[in-house]
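Asker: Okay, handing you the structure first.
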Amino acid sequence: MRQSACLYPGSFDPVTLGHLDIITRAAGIFERVVVGVLVNAEKNGAFPMEERVAMLKKAAADLPQVEVLPFSGLTVDLCRQLDIRVLVRGLRGPGDLESEMRMAKVNGLLLPGLETVFLPSAGGMEALSSSLVREIASLGGDISALVPRSVLPDILSHYK
Ligand code: ADP
C-alpha cells in the first residue's frame with residue numbers, strides 16, 4: 001500500500017541543522033511527518049523532554065505537515081498506534097550504516113511491512129551531531145552554524 005505518512009524517530013538532544021534538514025526533506029516527500037522524540041528509560045537526556053519537544057516544534061514551525069510527539073517504548077509500537085508504516089532515518093556516512101541497518105532489520109521483524117527509508121546527510125551536515133553541539137556549547141563555543149536559528153537562544157540559556 002502506498003504511504004502518505006512517516007515517523008522520524010530520534011533523541012534530538014538537542015535538534016541540529018542536520019535533523020532539520022532531514023525533517024524538511026521528509027516533509028517534501030510525505031504528506032505527514034511525525035517526529036518522535038524518544039524518552040530514554042536508561043539515561044536522562046541532556047535536555048529535558050519538554051525542551052527537546054519545544055525546540056523541535058519551533059524549528060519546524062513553518063512546516064505544517066510536521067508534528068512532534070514524545071514517546072517511550074518501542075518505535076514499532078508508536079507506528080502501530082499512529083498507523084504509520086514508514087520510518088525515516090538520516091545517514092551521516094558509513095559509521096551510521098551498520099547500526100541503522102540492524103535497527104531497520106529488527107523493526108521490520110517486529111512489525112512486518114514496516115519500511116525504513118534512509119535519507120543521506122546533506123552536504124556539510126555529515127559531521128553534525130547533538131553530542132557535538134552539547135560539547136561545543138558547554139565550552140562556550142559558537143554553535144550558530146550547527147543548530148536552527150530559532151532554537152539558538154534556548155540552547156545557549158541551557159548552558160548559562
Ligand atoms: P538517535 O539517538 O536515535 O540516533 P539522534 O537524535 O542522534 O537520535 O538522531 C536521529 C536521527 O537523525 C538518526 O537517524 C540520525 O542518524 C539522524 N541524524 C543525526 N544527525 C544527522 C545529520 N547531521 N544529518 C543527517 N541525519 C542525522
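Residue names in the C-alpha cells use chain letters A, B, ... in the order shown, residue numbers from 1 in each chain, and ligand numbers from 1 in the order shown.
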Near Asn40 (chain A), within 12 Å and counting only C-alpha atoms, which residues show up once chain neighbours fewer than 2 positions away are dropped, as a PyMOL selection string?

Answerer: chain A and resi 10-13+36-38+42-49+70-75

Asker: Set out as a Markdown table a contact list for chain A and ligand 1 with a cut-off of 9 Å, giving each residue of chain A that qualifies its closest atom pair and distance in Å to one decimal, counting only C-alpha atoms and all ligand atoms, ordered by chain and rising residue number.

Answerer:
| residue | atom | partner | partner_atom_place_in_ligand_line | distance |
| --- | --- | --- | --- | --- |
| A:Tyr8 | CA | ligand 1 | 11 (C) | 7.2 |
| A:Pro9 | CA | ligand 1 | 10 (C) | 6.1 |
| A:Gly10 | CA | ligand 1 | 8 (O) | 3.5 |
| A:Ser11 | CA | ligand 1 | 6 (O) | 3.8 |
| A:Phe12 | CA | ligand 1 | 6 (O) | 3.7 |
| A:Asp13 | CA | ligand 1 | 6 (O) | 6.0 |
| A:Pro14 | CA | ligand 1 | 6 (O) | 7.3 |
| A:Val15 | CA | ligand 1 | 6 (O) | 7.0 |
| A:Thr16 | CA | ligand 1 | 20 (N) | 7.0 |
| A:Leu17 | CA | ligand 1 | 23 (N) | 6.8 |
| A:Gly18 | CA | ligand 1 | 23 (N) | 3.5 |
| A:His19 | CA | ligand 1 | 21 (C) | 5.2 |
| A:Leu20 | CA | ligand 1 | 24 (N) | 8.5 |
| A:Asp21 | CA | ligand 1 | 24 (N) | 7.2 |
| A:Ile22 | CA | ligand 1 | 25 (C) | 6.1 |
| A:Val37 | CA | ligand 1 | 6 (O) | 8.1 |
| A:Leu38 | CA | ligand 1 | 3 (O) | 7.7 |
| A:Val88 | CA | ligand 1 | 14 (O) | 7.2 |
| A:Arg89 | CA | ligand 1 | 14 (O) | 3.7 |
| A:Gly90 | CA | ligand 1 | 26 (N) | 3.5 |
| A:Leu91 | CA | ligand 1 | 16 (O) | 4.8 |
| A:Arg92 | CA | ligand 1 | 25 (C) | 5.0 |
| A:Gly93 | CA | ligand 1 | 25 (C) | 8.7 |
| A:Asp96 | CA | ligand 1 | 16 (O) | 6.2 |
| A:Leu97 | CA | ligand 1 | 16 (O) | 8.6 |
| A:Glu100 | CA | ligand 1 | 14 (O) | 7.4 |
| A:Phe118 | CA | ligand 1 | 14 (O) | 7.8 |
| A:Leu119 | CA | ligand 1 | 25 (C) | 7.2 |
| A:Pro120 | CA | ligand 1 | 25 (C) | 6.2 |
| A:Ser121 | CA | ligand 1 | 25 (C) | 4.0 |
| A:Ala122 | CA | ligand 1 | 24 (N) | 6.6 |
| A:Gly123 | CA | ligand 1 | 24 (N) | 9.0 |
| A:Gly124 | CA | ligand 1 | 23 (N) | 8.4 |
| A:Met125 | CA | ligand 1 | 23 (N) | 4.6 |
| A:Glu126 | CA | ligand 1 | 23 (N) | 4.9 |
| A:Ala127 | CA | ligand 1 | 23 (N) | 6.0 |
| A:Leu128 | CA | ligand 1 | 23 (N) | 4.1 |
| A:Ser129 | CA | ligand 1 | 20 (N) | 4.8 |
| A:Ser130 | CA | ligand 1 | 7 (O) | 6.1 |
| A:Ser131 | CA | ligand 1 | 7 (O) | 8.0 |
| A:Leu146 | CA | ligand 1 | 23 (N) | 9.0 |

Asker: Could you pull out the residues in chain A that DSSP calls strand (DSSP E or B) from the backbone, as an MDAnalysis selection string?

Answerer: chainID A and resid 5:10 32:38 66:71 86:91 115:120

Asker: Would you compute the distance between CA of Phe30 (chain A) and CA of Arg2 (chain A)? Give it in Å to one decimal.

Answerer: 10.7 Å

Asker: Can you tell me how far CA of Glu51 (chain A) sits from CA of Ser157 (chain A), in Å to one decimal?

Answerer: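 Interatomic distance here is 11.6 Å.
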
Asker: Find the residues around region 101-116 of chain A up to 7 Å (only C-alpha atoms counted), leave out those fewer than 3 positions away in its own chain, and share them as a list in words.

Answerer: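 Counting only the stated atoms, we get Val76, Arg85, Val86, Leu87, Val88, Leu97 and Glu98 of chain A.
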
Asker: Of the candidates A:Ala27, A:Met55, A:Ala5, A:Leu132, which one gets nearest to Ile155 (chain A) if we count only C-alpha atoms?

Answerer: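 Closest residue, counting only C-alpha atoms: A:Met55.
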
Asker: Run DSSP on the backbone and give me the residues of region 3-160 of chain A it puts in alpha helix (DSSP H), as a ChimeraX atom specification.

Answerer: /A:17-29,49-59,75-82,94-110,130-138,152-158

Asker: Name all residues at most 7 Å from Ile84 (chain A) (count only C-alpha atoms; drop same-chain ones fewer than 3 positions away) and give them as a ChimeraX atom specification.

Answerer: /A:5-7,79-80

Asker: Restricting the output to N, CA, C and O atoms, write the selected residues as a compact mmCIF listing (two decimals), in the first residue's frame.

Answerer:
# COMPACT_ATOMS: atom_id res chain seq x y z
N ALA A 5 2.33 8.91 5.19
CA ALA A 5 2.88 9.41 6.45
C ALA A 5 4.16 8.67 6.81
O ALA A 5 4.35 7.51 6.43
N CYS A 6 5.02 9.34 7.55
CA CYS A 6 6.23 8.67 8.06
C CYS A 6 6.48 9.12 9.49
O CYS A 6 5.98 10.15 9.94
N LEU A 7 7.28 8.28 10.17
CA LEU A 7 7.75 8.62 11.52
C LEU A 7 9.25 8.80 11.47
O LEU A 7 9.97 7.94 10.95
N CYS A 79 4.43 3.26 15.82
CA CYS A 79 4.00 3.11 14.43
C CYS A 79 2.61 2.47 14.38
O CYS A 79 1.72 2.94 13.64
N ARG A 80 2.42 1.41 15.16
CA ARG A 80 1.12 0.74 15.21
C ARG A 80 0.03 1.70 15.67
O ARG A 80 -1.03 1.79 15.07

Asker: Go ahead and compute the interatomic distance for CA of Tyr159 (chain A) and CA of Thr24 (chain A), in Å to one decimal.

Answerer: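 Computing it gives 27.3 Å between the two atoms.
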